[in-house]
file entry-v9.txt (compact mmCIF, C-alpha atoms and all ligand atoms)
# COMPACT_ATOMS: atom_id res chain seq x y z
CA MET A 1 20.62 0.47 15.61
CA SER A 2 19.47 3.85 14.53
CA ASN A 3 21.22 7.14 15.25
CA GLN A 4 17.93 8.97 15.42
CA PRO A 5 16.93 10.80 18.62
CA PRO A 6 15.19 8.44 21.07
CA HIS A 7 11.54 8.04 20.21
CA PRO A 8 8.81 5.45 20.62
CA ALA A 9 8.92 2.88 17.78
CA LEU A 10 6.28 3.82 15.23
CA LEU A 11 4.45 0.54 14.64
CA ILE A 12 1.33 1.74 12.90
CA PRO A 13 0.40 0.58 9.39
CA GLY A 14 2.29 3.53 7.90
CA PRO A 15 4.18 5.71 8.11
CA ILE A 16 6.69 3.19 9.42
CA GLU A 17 10.14 3.52 11.00
CA PHE A 18 12.76 4.81 8.58
CA ASP A 19 16.34 3.70 8.10
CA ASP A 20 18.97 6.35 8.91
CA ALA A 21 20.33 6.29 5.36
CA VAL A 22 16.88 7.00 3.93
CA LEU A 23 16.44 10.01 6.20
CA GLN A 24 19.94 11.25 5.45
CA ALA A 25 19.24 11.04 1.72
CA MET A 26 16.66 13.77 2.24
CA SER A 27 19.23 16.28 3.45
CA HIS A 28 20.64 16.43 -0.06
CA TYR A 29 21.71 19.91 -1.20
CA SER A 30 19.38 21.65 -3.60
CA GLU A 31 19.48 20.51 -7.19
CA SER A 32 17.76 21.59 -10.37
CA HIS A 33 14.89 19.25 -11.14
CA VAL A 34 15.92 19.35 -14.81
CA GLY A 35 19.66 19.04 -14.27
CA ALA A 36 21.48 15.87 -15.31
CA PRO A 37 22.33 14.59 -11.78
CA PHE A 38 18.73 14.68 -10.59
CA VAL A 39 17.29 13.37 -13.86
CA ASN A 40 19.69 10.45 -13.51
CA THR A 41 18.53 9.73 -9.94
CA PHE A 42 14.87 9.90 -10.96
CA GLY A 43 15.50 7.64 -13.96
CA GLU A 44 17.23 5.02 -11.81
CA THR A 45 14.40 5.20 -9.29
CA LEU A 46 11.83 4.41 -11.98
CA SER A 47 13.91 1.49 -13.27
CA MET A 48 14.24 0.10 -9.73
CA LEU A 49 10.47 0.21 -9.34
CA ARG A 50 10.15 -2.22 -12.25
CA ARG A 51 12.18 -4.70 -10.20
CA LEU A 52 10.16 -4.09 -7.04
CA PHE A 53 6.91 -4.81 -8.91
CA GLN A 54 8.52 -7.75 -10.74
CA THR A 55 7.78 -6.52 -14.23
CA THR A 56 10.13 -6.88 -17.17
CA ASP A 57 7.58 -6.02 -19.85
CA PRO A 58 8.91 -2.84 -21.51
CA ALA A 59 5.30 -1.72 -22.05
CA SER A 60 4.74 -1.43 -18.27
CA GLN A 61 4.98 2.15 -17.05
CA PRO A 62 6.03 3.33 -13.59
CA PHE A 63 4.82 6.71 -12.30
CA VAL A 64 6.13 8.62 -9.29
CA ILE A 65 4.20 11.82 -8.60
CA SER A 66 4.20 14.09 -5.54
CA GLY A 67 1.20 13.28 -3.40
CA SER A 68 0.10 10.54 -1.03
CA GLY A 69 -1.35 7.12 -1.75
CA THR A 70 -4.75 8.68 -2.28
CA LEU A 71 -3.51 10.37 -5.45
CA GLY A 72 -3.24 6.87 -6.95
CA TRP A 73 -7.03 6.51 -6.75
CA ASP A 74 -7.44 9.87 -8.45
CA GLN A 75 -5.04 8.85 -11.21
CA VAL A 76 -7.01 5.67 -11.88
CA ALA A 77 -10.39 7.42 -11.80
CA ALA A 78 -9.22 10.35 -13.95
CA ASN A 79 -7.23 8.43 -16.57
CA LEU A 80 -8.52 4.85 -16.95
CA VAL A 81 -12.26 5.35 -16.81
CA GLU A 82 -14.58 7.97 -18.24
CA PRO A 83 -17.69 9.57 -16.77
CA GLY A 84 -20.53 7.04 -16.90
CA ASP A 85 -18.19 4.02 -16.83
CA GLU A 86 -18.60 1.24 -14.27
CA ALA A 87 -16.16 0.14 -11.57
CA LEU A 88 -16.51 -2.99 -9.45
CA VAL A 89 -14.91 -2.31 -6.06
CA LEU A 90 -14.12 -5.33 -3.87
CA HIS A 91 -14.62 -4.31 -0.26
CA THR A 92 -12.49 -5.62 2.60
CA GLY A 93 -12.66 -2.49 4.74
CA TYR A 94 -12.48 1.29 4.94
CA PHE A 95 -10.25 1.88 1.92
CA ALA A 96 -12.73 0.42 -0.57
CA ASP A 97 -15.36 2.93 0.59
CA SER A 98 -12.87 5.71 -0.13
CA PHE A 99 -11.84 4.35 -3.55
CA ALA A 100 -15.53 4.05 -4.47
CA ASP A 101 -16.14 7.62 -3.31
CA CYS A 102 -13.19 8.75 -5.46
CA PHE A 103 -14.72 7.10 -8.56
CA GLU A 104 -18.05 8.79 -7.88
CA THR A 105 -16.25 12.14 -7.61
CA TYR A 106 -15.20 11.67 -11.25
CA GLY A 107 -18.67 10.62 -12.39
CA VAL A 108 -17.80 6.90 -12.52
CA LYS A 109 -20.35 4.45 -11.11
CA ALA A 110 -18.87 2.34 -8.34
CA THR A 111 -20.52 -0.92 -7.28
CA GLN A 112 -19.15 -2.40 -4.09
CA LEU A 113 -18.99 -6.10 -3.40
CA LYS A 114 -18.76 -6.45 0.36
CA ALA A 115 -17.69 -9.21 2.74
CA PRO A 116 -18.38 -9.43 6.48
CA ILE A 117 -15.74 -7.65 8.62
CA GLY A 118 -12.52 -9.66 8.55
CA GLY A 119 -13.47 -11.56 5.38
CA ARG A 120 -13.12 -10.92 1.68
CA PRO A 121 -15.47 -11.35 -1.27
CA GLN A 122 -15.30 -14.91 -2.59
CA LEU A 123 -14.32 -15.71 -6.16
CA ASP A 124 -17.74 -17.14 -7.07
CA GLU A 125 -19.37 -13.88 -5.90
CA VAL A 126 -16.93 -11.87 -7.97
CA GLU A 127 -17.68 -14.09 -10.98
CA THR A 128 -21.42 -13.56 -10.58
CA ALA A 129 -20.94 -9.79 -10.36
CA LEU A 130 -18.71 -9.74 -13.44
CA ARG A 131 -21.30 -11.70 -15.45
CA GLU A 132 -24.09 -9.29 -14.52
CA LYS A 133 -22.56 -6.15 -15.94
CA GLN A 134 -19.63 -4.97 -18.05
CA TYR A 135 -17.19 -3.25 -15.73
CA GLN A 136 -14.34 -1.19 -17.16
CA VAL A 137 -12.28 -1.73 -14.01
CA LEU A 138 -12.26 -3.99 -10.98
CA THR A 139 -10.42 -2.79 -7.89
CA VAL A 140 -9.11 -4.81 -4.99
CA THR A 141 -7.33 -3.66 -1.84
CA HIS A 142 -4.38 -6.01 -1.50
CA VAL A 143 -4.12 -5.36 2.24
CA ASP A 144 -6.92 -3.37 3.76
CA THR A 145 -5.18 -1.36 6.45
CA SER A 146 -8.39 -0.95 8.43
CA THR A 147 -8.89 -4.69 8.92
CA GLY A 148 -5.55 -6.40 8.19
CA VAL A 149 -7.30 -8.49 5.53
CA LEU A 150 -5.10 -9.78 2.70
CA SER A 151 -6.67 -10.40 -0.69
CA GLU A 152 -5.53 -13.10 -3.08
CA LEU A 153 -4.47 -11.43 -6.31
CA LYS A 154 -3.34 -14.26 -8.55
CA ALA A 155 -6.56 -16.29 -8.61
CA LEU A 156 -8.65 -13.12 -8.70
CA SER A 157 -6.81 -11.76 -11.71
CA GLU A 158 -7.08 -15.12 -13.50
CA LEU A 159 -10.81 -15.05 -12.90
CA VAL A 160 -11.19 -11.52 -14.26
CA HIS A 161 -9.15 -12.34 -17.38
CA ARG A 162 -11.28 -15.44 -17.97
CA VAL A 163 -14.75 -14.08 -17.26
CA SER A 164 -14.43 -10.43 -18.25
CA PRO A 165 -11.25 -9.99 -20.30
CA ASP A 166 -11.79 -6.29 -21.02
CA THR A 167 -11.97 -5.37 -17.33
CA LEU A 168 -8.76 -3.82 -16.02
CA VAL A 169 -7.44 -5.26 -12.76
CA VAL A 170 -6.51 -2.41 -10.39
CA VAL A 171 -4.80 -3.15 -7.08
CA ASP A 172 -4.61 -0.76 -4.14
CA GLY A 173 -1.23 -1.89 -2.85
CA VAL A 174 -0.60 1.04 -0.53
CA CYS A 175 -0.14 -1.28 2.46
CA SER A 176 1.35 -4.22 0.56
CA VAL A 177 3.99 -3.15 -1.95
CA GLY A 178 7.31 -3.92 -0.26
CA CYS A 179 6.00 -6.50 2.21
CA GLU A 180 3.68 -8.82 0.26
CA GLU A 181 4.62 -10.71 -2.87
CA ILE A 182 3.37 -9.04 -6.06
CA LYS A 183 4.20 -10.41 -9.51
CA PHE A 184 2.91 -7.72 -11.81
CA ASP A 185 3.52 -9.50 -15.14
CA ASP A 186 2.88 -13.10 -14.09
CA TRP A 187 -0.40 -12.23 -12.42
CA GLY A 188 -1.65 -10.06 -15.28
CA LEU A 189 -2.23 -6.94 -13.20
CA ASP A 190 -3.04 -3.61 -14.87
CA VAL A 191 -2.38 -1.11 -12.10
CA VAL A 192 -0.75 -1.46 -8.72
CA LEU A 193 -0.79 1.82 -6.84
CA THR A 194 1.08 2.56 -3.64
CA ALA A 195 2.66 5.29 -1.52
CA SER A 196 6.16 5.91 -0.24
CA GLN A 197 5.56 5.76 3.53
CA LYS A 198 4.31 2.24 4.12
CA ALA A 199 6.30 -0.95 3.45
CA ILE A 200 8.70 0.86 1.10
CA GLY A 201 9.97 2.78 4.14
CA CYS A 202 10.41 6.26 2.66
CA PRO A 203 8.85 9.43 4.11
CA ALA A 204 5.31 10.25 2.97
CA GLY A 205 4.78 12.42 -0.09
CA LEU A 206 4.99 10.19 -3.16
CA SER A 207 2.26 8.46 -5.11
CA ILE A 208 3.81 5.45 -6.88
CA LEU A 209 2.13 3.39 -9.61
CA MET A 210 2.96 0.57 -11.99
CA VAL A 211 0.68 0.52 -15.03
CA SER A 212 0.47 -2.23 -17.66
CA GLY A 213 0.90 -1.66 -21.38
CA ARG A 214 -2.74 -2.70 -21.79
CA ALA A 215 -3.87 0.02 -19.37
CA ILE A 216 -1.72 2.62 -21.12
CA GLU A 217 -3.42 1.63 -24.42
CA ARG A 218 -6.82 2.00 -22.73
CA PHE A 219 -5.78 5.45 -21.57
CA LYS A 220 -4.65 6.44 -25.05
CA ALA A 221 -7.98 5.30 -26.54
CA ARG A 222 -10.07 7.60 -24.29
CA ARG A 223 -12.94 9.39 -25.98
CA THR A 224 -12.85 12.23 -23.45
CA ARG A 225 -9.91 14.06 -21.91
CA PRO A 226 -8.58 13.02 -18.49
CA THR A 227 -10.74 14.49 -15.76
CA SER A 228 -7.83 15.81 -13.67
CA TYR A 229 -5.16 18.32 -14.60
CA PHE A 230 -2.38 17.66 -12.05
CA GLY A 231 -3.05 13.91 -12.16
CA SER A 232 -3.37 13.62 -15.94
CA TRP A 233 -1.20 10.98 -17.58
CA LYS A 234 -1.33 13.12 -20.73
CA ASN A 235 0.92 15.41 -18.75
CA TRP A 236 2.91 12.82 -16.80
CA LEU A 237 3.45 9.94 -19.22
CA PRO A 238 6.02 11.76 -21.40
CA ILE A 239 7.75 13.08 -18.29
CA MET A 240 8.15 9.60 -16.78
CA GLN A 241 9.35 8.19 -20.10
CA ASN A 242 11.87 11.02 -20.47
CA TYR A 243 13.20 10.68 -16.94
CA GLU A 244 13.77 6.98 -17.41
CA ALA A 245 15.56 7.71 -20.68
CA LYS A 246 17.64 10.25 -18.65
CA LYS A 247 16.23 13.18 -20.62
CA ALA A 248 15.26 16.39 -18.87
CA SER A 249 11.65 17.49 -19.14
CA TYR A 250 9.14 19.41 -17.10
CA PHE A 251 5.47 19.29 -16.24
CA ALA A 252 5.29 20.09 -12.50
CA THR A 253 8.23 20.28 -10.12
CA PRO A 254 8.99 16.98 -8.38
CA SER A 255 10.56 16.85 -4.91
CA PRO A 256 14.25 16.06 -5.48
CA GLN A 257 14.78 15.31 -1.77
CA LEU A 258 11.96 12.78 -1.61
CA ILE A 259 13.15 11.13 -4.81
CA HIS A 260 16.60 10.77 -3.25
CA ALA A 261 15.02 9.12 -0.21
CA LEU A 262 13.02 6.75 -2.43
CA HIS A 263 16.15 5.96 -4.44
CA THR A 264 17.95 5.01 -1.23
CA ALA A 265 15.01 2.97 0.11
CA LEU A 266 14.70 1.03 -3.17
CA THR A 267 18.45 0.45 -3.37
CA GLN A 268 18.32 -1.07 0.11
CA ILE A 269 15.25 -3.21 -0.65
CA LEU A 270 16.74 -4.52 -3.91
CA SER A 271 20.13 -5.27 -2.38
CA ARG A 272 18.64 -8.56 -1.11
CA PRO A 273 16.41 -11.06 -2.92
CA LEU A 274 12.78 -9.93 -2.74
CA GLU A 275 11.71 -13.46 -1.71
CA GLN A 276 13.88 -13.06 1.38
CA ARG A 277 12.19 -9.78 2.24
CA PHE A 278 8.73 -11.33 1.91
CA ALA A 279 9.82 -14.35 3.95
CA ASP A 280 11.09 -12.05 6.72
CA HIS A 281 7.72 -10.31 6.83
CA ARG A 282 5.88 -13.63 6.91
CA ALA A 283 8.07 -14.90 9.75
CA ALA A 284 7.62 -11.75 11.86
CA SER A 285 3.91 -11.82 11.19
CA GLN A 286 3.60 -15.45 12.26
CA LYS A 287 5.46 -14.71 15.48
CA ILE A 288 3.20 -11.75 16.25
CA LYS A 289 0.00 -13.60 15.41
CA LYS A 290 1.07 -16.50 17.62
CA ALA A 291 1.84 -14.14 20.51
CA VAL A 292 -1.51 -12.41 20.07
CA ALA A 293 -3.32 -15.77 20.17
CA GLU A 294 -1.41 -16.72 23.32
CA LEU A 295 -2.71 -13.53 24.92
CA GLY A 296 -6.18 -14.86 24.18
CA LEU A 297 -6.89 -12.12 21.65
CA LYS A 298 -8.60 -12.54 18.28
CA GLN A 299 -7.74 -10.96 14.97
CA LEU A 300 -10.29 -9.23 12.74
CA ALA A 301 -9.09 -11.48 9.91
CA ALA A 302 -10.01 -14.83 11.40
CA LYS A 303 -8.87 -17.14 8.61
CA PRO A 304 -5.10 -17.55 8.18
CA GLU A 305 -5.33 -17.14 4.40
CA ASN A 306 -6.98 -13.73 4.90
CA GLN A 307 -4.26 -12.39 7.19
CA ALA A 308 -1.81 -9.73 6.05
CA ASN A 309 1.90 -10.20 6.68
CA GLY A 310 2.76 -6.54 7.30
CA MET A 311 0.18 -5.72 9.95
CA THR A 312 -2.16 -7.32 12.46
CA ALA A 313 -5.55 -5.96 13.53
CA VAL A 314 -6.48 -7.28 16.99
CA TYR A 315 -9.74 -7.12 18.92
CA LEU A 316 -9.22 -5.86 22.47
CA PRO A 317 -10.64 -7.89 25.37
CA GLU A 318 -14.37 -7.40 25.96
CA GLY A 319 -14.98 -4.02 27.63
CA VAL A 320 -11.53 -2.56 26.85
CA GLN A 321 -11.45 0.33 24.40
CA ALA A 322 -8.48 1.46 22.32
CA PRO A 323 -8.12 4.87 24.06
CA GLN A 324 -7.62 3.01 27.37
CA ILE A 325 -4.55 1.16 26.20
CA LEU A 326 -2.81 3.13 23.43
CA PRO A 327 -1.37 5.88 25.71
CA SER A 328 0.16 3.32 28.08
CA LEU A 329 1.80 1.57 25.11
CA ILE A 330 3.40 4.87 24.08
CA LYS A 331 4.86 5.18 27.60
CA LYS A 332 6.34 1.72 27.05
CA GLY A 333 7.99 2.87 23.83
CA VAL A 334 5.66 1.75 21.05
CA ILE A 335 2.99 3.48 19.02
CA PHE A 336 0.13 1.33 17.72
CA ALA A 337 -2.86 2.65 15.78
CA GLY A 338 -6.46 2.62 16.89
CA GLY A 339 -9.26 1.06 14.86
CA LEU A 340 -10.37 2.51 11.55
CA HIS A 341 -13.32 0.39 10.50
CA LYS A 342 -16.18 2.66 11.46
CA GLU A 343 -18.52 0.01 12.85
CA ILE A 344 -15.99 -1.30 15.39
CA ALA A 345 -13.36 1.46 15.61
CA THR A 346 -12.89 1.57 19.40
CA LYS A 347 -12.86 -2.22 19.82
CA TYR A 348 -9.54 -3.01 18.22
CA ILE A 349 -5.98 -1.85 17.63
CA ARG A 350 -3.65 -2.14 14.67
CA PHE A 351 -0.02 -3.22 14.85
CA GLY A 352 2.12 -2.47 11.80
CA HIS A 353 5.15 -4.69 11.22
CA MET A 354 6.82 -3.61 8.02
CA GLY A 355 10.23 -2.50 6.81
CA VAL A 356 13.24 -1.98 9.06
CA SER A 357 11.34 -2.97 12.20
CA VAL A 358 11.19 -6.44 10.65
CA THR A 359 14.24 -6.65 8.40
CA ASP A 360 16.92 -4.95 10.55
CA PRO A 361 18.25 -7.60 12.97
CA ASN A 362 19.63 -4.86 15.23
CA ARG A 363 16.20 -3.47 16.00
CA GLU A 364 14.13 -4.82 18.82
CA ASP A 365 10.89 -3.08 17.87
CA ILE A 366 8.81 -6.24 17.54
CA ASP A 367 9.83 -7.84 20.83
CA ARG A 368 9.42 -4.51 22.61
CA ALA A 369 5.95 -4.13 21.13
CA LEU A 370 4.84 -7.61 22.21
CA GLY A 371 6.20 -7.01 25.71
CA ALA A 372 4.44 -3.64 25.92
CA LEU A 373 1.15 -5.15 24.78
CA ARG A 374 1.37 -7.90 27.40
CA ALA A 375 2.28 -5.44 30.18
CA GLY A 376 -0.30 -2.85 29.07
CA LEU A 377 -3.11 -5.41 29.14
CA SER A 378 -2.18 -6.75 32.55
CA GLU A 379 -2.03 -3.18 33.96
CA ILE A 380 -5.66 -2.64 33.09
CA GLY A 381 -6.57 -5.86 34.82
CA TYR A 382 -6.71 -8.28 31.91
CA LYS A 383 -5.32 -11.64 32.95
CA VAL A 384 -2.88 -12.84 30.32
C1 LIG A 401 -2.77 4.32 3.65
C2 LIG A 401 -3.64 3.74 2.59
C3 LIG A 401 -4.22 4.52 1.59
C4 LIG A 401 -4.12 6.00 1.57
O1 LIG A 401 -2.80 6.44 1.44
P1 LIG A 401 -2.41 7.92 1.89
O2 LIG A 401 -0.94 7.93 1.67
O3 LIG A 401 -2.83 8.06 3.31
O4 LIG A 401 -3.14 8.86 1.01
C5 LIG A 401 -4.95 3.88 0.61
N1 LIG A 401 -5.13 2.55 0.62
C6 LIG A 401 -4.59 1.78 1.57
C7 LIG A 401 -4.80 0.31 1.51
C8 LIG A 401 -3.83 2.35 2.58
O5 LIG A 401 -3.31 1.57 3.52

call {"tool": "encode", "arguments": {"input": "entry-v9.txt", "output": "structure tokens", "more": "lines below"}}
Ligand SMILES: *Cc1c(COP(=O)(O)O)cnc(C)c1O
result
Amino acid sequence: MSNQPPHPALLIPGPIEFDDAVLQAMSHYSESHVGAPFVNTFGETLSMLRRLFQTTDPASQPFVISGSGTLGWDQVAANLVEPGDEALVLHTGYFADSFADCFETYGVKATQLKAPIGGRPQLDEVETALREKQYQVLTVTHVDTSTGVLSELKALSELVHRVSPDTLVVVDGVCSVGCEEIKFDDWGLDVVLTASQKAIGCPAGLSILMVSGRAIERFKARRTRPTSYFGSWKNWLPIMQNYEAKKASYFATPSPQLIHALHTALTQILSRPLEQRFADHRAASQKIKKAVAELGLKQLAAKPENQANGMTAVYLPEGVQAPQILPSLIKKGVIFAGGLHKEIATKYIRFGHMGVSVTDPNREDIDRALGALRAGLSEIGYKV
């Protein structure tokens, strides 16, 4: 169990519950960000990320920069495309709207390919879109946190490589890296961007990316300079390469304490086979989805193949709104999130099941959450 002060289990789709050791890593004494001990920790952290993303290609490049997941969108829009370029954004919920808005902020044209709520764009639709126009990048949200929809990356990436080989495949993995299988090299991905606070289980504050050698070449061949200063890979690429080679260098001060926490979280994750971690998440997810169905509730993602393994988005019974039930769940010791998809926000709730809540056998978060949901619904008169 955890030695943290008693608190309701945080079961939203990030931030998630943290392991004690990860939190303790943050109370590290102050270090110079260019001193050998910290440079060593940062270098090891970058090398561990290669294993988490399952890439052994030396041309792949990890980045860890202070910021949240959103900074990953800015990095893609500022470094991999140029004003006037075209991006095809596959839409499975709220986060695609935001990624598209980010592209537009940098003068990049974003075309969204949308699916009905709970679905995802089909491969033949993607193929048609790719044949209509030359897109410099295609983006896909691996798990859309607003809907709990999982996208299929392998077949999608194969399609892009076949139909439009110059289009870079960019994955928003903020809610999937650490709980869903991702094979960066085997699947031919160009960017997977994520954040520290979701399935990786480290406090918020780090933007984490894996970038392919092909994408780095694309960046180097830009005609115009990157359209961000803080987020520019011109500034960060040499820093990341130096840190991994255990050489001190400076562009902007990183957060040594957060890097220590990430180092601890990654050490824990990689201490077991990744397949086991993904299997644990699938098993917990199946149990939750079964319990939800037994309560007579429906998921936003209706088809099993569209359902994420690290979260579940559940429609409330007809007439019940999220603000009626969430406070009573907190009293029962669990925090769920309300809806995020703007058309249906009050009609559903989101249950995050990632990280230690799933992998630590001494925690009872999941059973407590299912019990609370059952009791909370019956209190408001829903017959379960
Ligand atoms: C949470 C999330 C983001 C945004 O990350 P922040 O850390 O909140 O900036 C982006 N995409 C997806 C899929 C997310 O779940």

call {"tool": "closest_residue", "arguments": {"input": "entry-v9.txt", "among": "A:Ser157, A:Gln286, A:Ser207, A:Gln134", "to": "ligand LIG 401 (chain A)", "atoms": "all atoms listed in the file"}}
result
A:Ser207

call {"tool": "residues_around", "arguments": {"input": "entry-v9.txt", "residues": "A:Ala313", "least_positions_apart": "6", "cutoff": "7 Å", "atoms": "only C-alpha atoms", "output": "list in words"}}
result
Thr147, Gly148, Gln299, Leu300, Tyr348, Ile349, Arg350 and Phe351 of chain A

call {"tool": "closest_atom_pairs", "arguments": {"input": "entry-v9.txt", "of": "chain A", "to": "ligand LIG 401 (chain A)", "cutoff": "9 Å", "atoms": "only C-alpha atoms and all ligand atoms", "output": "Markdown table"}}
result
| residue | atom | partner | partner_atom | distance |
| --- | --- | --- | --- | --- |
| A:Pro13 | CA | A:LIG401 | O5 | 7.0 |
| A:Gly14 | CA | A:LIG401 | C1 | 6.7 |
| A:Pro15 | CA | A:LIG401 | C1 | 8.4 |
| A:Gly67 | CA | A:LIG401 | O4 | 7.6 |
| A:Ser68 | CA | A:LIG401 | O2 | 3.9 |
| A:Gly69 | CA | A:LIG401 | O2 | 3.5 |
| A:Thr70 | CA | A:LIG401 | O4 | 3.7 |
| A:Leu71 | CA | A:LIG401 | O4 | 6.6 |
| A:Gly72 | CA | A:LIG401 | O4 | 8.2 |
| A:Trp73 | CA | A:LIG401 | C5 | 8.1 |
| A:Gly93 | CA | A:LIG401 | C7 | 8.9 |
| A:Tyr94 | CA | A:LIG401 | C7 | 8.5 |
| A:Phe95 | CA | A:LIG401 | N1 | 5.3 |
| A:Ala96 | CA | A:LIG401 | N1 | 8.0 |
| A:Ser98 | CA | A:LIG401 | C5 | 8.2 |
| A:Phe99 | CA | A:LIG401 | C5 | 8.1 |
| A:Thr141 | CA | A:LIG401 | C7 | 5.8 |
| A:His142 | CA | A:LIG401 | C7 | 7.0 |
| A:Val143 | CA | A:LIG401 | C7 | 5.8 |
| A:Asp144 | CA | A:LIG401 | C7 | 4.8 |
| A:Thr145 | CA | A:LIG401 | O5 | 4.5 |
| A:Ser146 | CA | A:LIG401 | O5 | 7.5 |
| A:Asp172 | CA | A:LIG401 | C7 | 5.8 |
| A:Gly173 | CA | A:LIG401 | C7 | 6.0 |
| A:Val174 | CA | A:LIG401 | C6 | 4.6 |
| A:Cys175 | CA | A:LIG401 | O5 | 4.4 |
| A:Ser176 | CA | A:LIG401 | C7 | 7.7 |
| A:Leu193 | CA | A:LIG401 | N1 | 8.7 |
| A:Thr194 | CA | A:LIG401 | O1 | 7.5 |
| A:Ala195 | CA | A:LIG401 | O2 | 5.5 |
| A:Ser196 | CA | A:LIG401 | O2 | 7.6 |
| A:Gln197 | CA | A:LIG401 | O2 | 7.1 |
| A:Lys198 | CA | A:LIG401 | C1 | 7.4 |
| A:Ala204 | CA | A:LIG401 | O2 | 6.8 |
| A:Gly205 | CA | A:LIG401 | O2 | 7.5 |
| A:Leu206 | CA | A:LIG401 | O2 | 8.0 |
| A:Ser207 | CA | A:LIG401 | O2 | 7.5 |

call {"tool": "atom_distance", "arguments": {"input": "entry-v9.txt", "atom1": "atom CA of A:Gly178", "atom2": "atom CA of A:Ala199"}}
result
4.9 Å

call {"tool": "closest_residue", "arguments": {"input": "entry-v9.txt", "among": "A:Pro304, A:Pro256, A:Gly213, A:Pro116", "to": "A:Phe42", "atoms": "only C-alpha atoms"}}
result
A:Pro256

call {"tool": "closest_residue", "arguments": {"input": "entry-v9.txt", "among": "A:Thr359, A:Ser255, A:Thr267, A:Thr224", "to": "A:Ser285", "atoms": "only C-alpha atoms"}}
result
A:Thr359

call {"tool": "closest_residue", "arguments": {"input": "entry-v9.txt", "among": "A:Gly338, A:Gly107, A:Pro238, A:Gly355", "to": "A:Asp85", "atoms": "all atoms listed in the file"}}
result
A:Gly107

call {"tool": "atom_distance", "arguments": {"input": "entry-v9.txt", "atom1": "atom CA of A:Met48", "atom2": "atom CA of A:Val169"}}
result
22.5 Å

call {"tool": "closest_atom_pairs", "arguments": {"input": "entry-v9.txt", "of": "stretch 8-101 of chain A", "to": "stretch 179-182 of chain A", "cutoff": "9 Å", "atoms": "all atoms listed in the file", "output": "CSV"}}
result
residue,atom,partner,partner_atom,distance
A:Leu52,CA,A:Ile182,CA,8.5
A:Phe53,CA,A:Ile182,CA,6.2
A:Gln54,CA,A:Ile182,CA,7.1

call {"tool": "residues_near_point", "arguments": {"input": "entry-v9.txt", "point": "(6.4, -14.3, -11.5)", "cutoff": "12 Å", "atoms": "all atoms listed in the file", "output": "number ranges by chain"}}
result
A: 51-57, 154, 181-189, 274-275

call {"tool": "write_last_selection", "arguments": {"input": "entry-v9.txt", "atoms": "C-alpha atoms", "output": "PDB file, in the frame of the given file"}}
result
ATOM      1  CA  ARG A  51      12.180  -4.700 -10.200  1.00  0.00           C
ATOM      2  CA  LEU A  52      10.160  -4.090  -7.040  1.00  0.00           C
ATOM      3  CA  PHE A  53       6.910  -4.810  -8.910  1.00  0.00           C
ATOM      4  CA  GLN A  54       8.520  -7.750 -10.740  1.00  0.00           C
ATOM      5  CA  THR A  55       7.780  -6.520 -14.230  1.00  0.00           C
ATOM      6  CA  THR A  56      10.130  -6.880 -17.170  1.00  0.00           C
ATOM      7  CA  ASP A  57       7.580  -6.020 -19.850  1.00  0.00           C
ATOM      8  CA  LYS A 154      -3.340 -14.260  -8.550  1.00  0.00           C
ATOM      9  CA  GLU A 181       4.620 -10.710  -2.870  1.00  0.00           C
ATOM     10  CA  ILE A 182       3.370  -9.040  -6.060  1.00  0.00           C
ATOM     11  CA  LYS A 183       4.200 -10.410  -9.510  1.00  0.00           C
ATOM     12  CA  PHE A 184       2.910  -7.720 -11.810  1.00  0.00           C
ATOM     13  CA  ASP A 185       3.520  -9.500 -15.140  1.00  0.00           C
ATOM     14  CA  ASP A 186       2.880 -13.100 -14.090  1.00  0.00           C
ATOM     15  CA  TRP A 187      -0.400 -12.230 -12.420  1.00  0.00           C
ATOM     16  CA  GLY A 188      -1.650 -10.060 -15.280  1.00  0.00           C
ATOM     17  CA  LEU A 189      -2.230  -6.940 -13.200  1.00  0.00           C
ATOM     18  CA  LEU A 274      12.780  -9.930  -2.740  1.00  0.00           C
ATOM     19  CA  GLU A 275      11.710 -13.460  -1.710  1.00  0.00           C
TER      20      GLU A 275
END

call {"tool": "axis_aligned_box", "arguments": {"input": "entry-v9.txt", "around": "stretch 201-211 of chain A", "padding_each_side": "5 Å", "output": "JSON"}}
result
{"center_x": 5.5, "center_y": 6.5, "center_z": -5.4, "size_x": 19.7, "size_y": 21.9, "size_z": 29.2}

call {"tool": "residues_around", "arguments": {"input": "entry-v9.txt", "residues": "A:Phe38", "least_positions_apart": "3", "cutoff": "10 Å", "atoms": "all atoms listed in the file", "output": "JSON, numbers by chain"}}
result
{"A": [30, 31, 32, 33, 34, 35, 41, 42, 43, 44, 243, 246, 248, 256, 257, 259, 260]}

call {"tool": "decode", "arguments": {"input": "entry-v9.txt", "residues": "stretch 323-327 of chain A", "atoms": "N, CA and C atoms", "output": "short mmCIF file (atom, residue, chain, number, x, y, z; two decimals), in the first residue's frame"}}
result
data_model
loop_
_atom_site.label_atom_id
_atom_site.label_comp_id
_atom_site.auth_asym_id
_atom_site.auth_seq_id
_atom_site.Cartn_x
_atom_site.Cartn_y
_atom_site.Cartn_z
N PRO A 323 -22.73 15.80 -12.79
CA PRO A 323 -22.61 16.52 -11.51
C PRO A 323 -23.49 15.92 -10.40
N GLN A 324 -24.46 15.07 -10.75
CA GLN A 324 -25.28 14.44 -9.72
C GLN A 324 -24.55 13.28 -9.05
N ILE A 325 -23.62 12.69 -9.73
CA ILE A 325 -23.02 11.47 -9.20
C ILE A 325 -21.56 11.63 -8.77
N LEU A 326 -20.81 12.50 -9.43
CA LEU A 326 -19.37 12.59 -9.13
C LEU A 326 -19.08 12.93 -7.66
N PRO A 327 -19.81 13.90 -7.05
CA PRO A 327 -19.50 14.23 -5.64
C PRO A 327 -19.75 13.05 -4.70
#
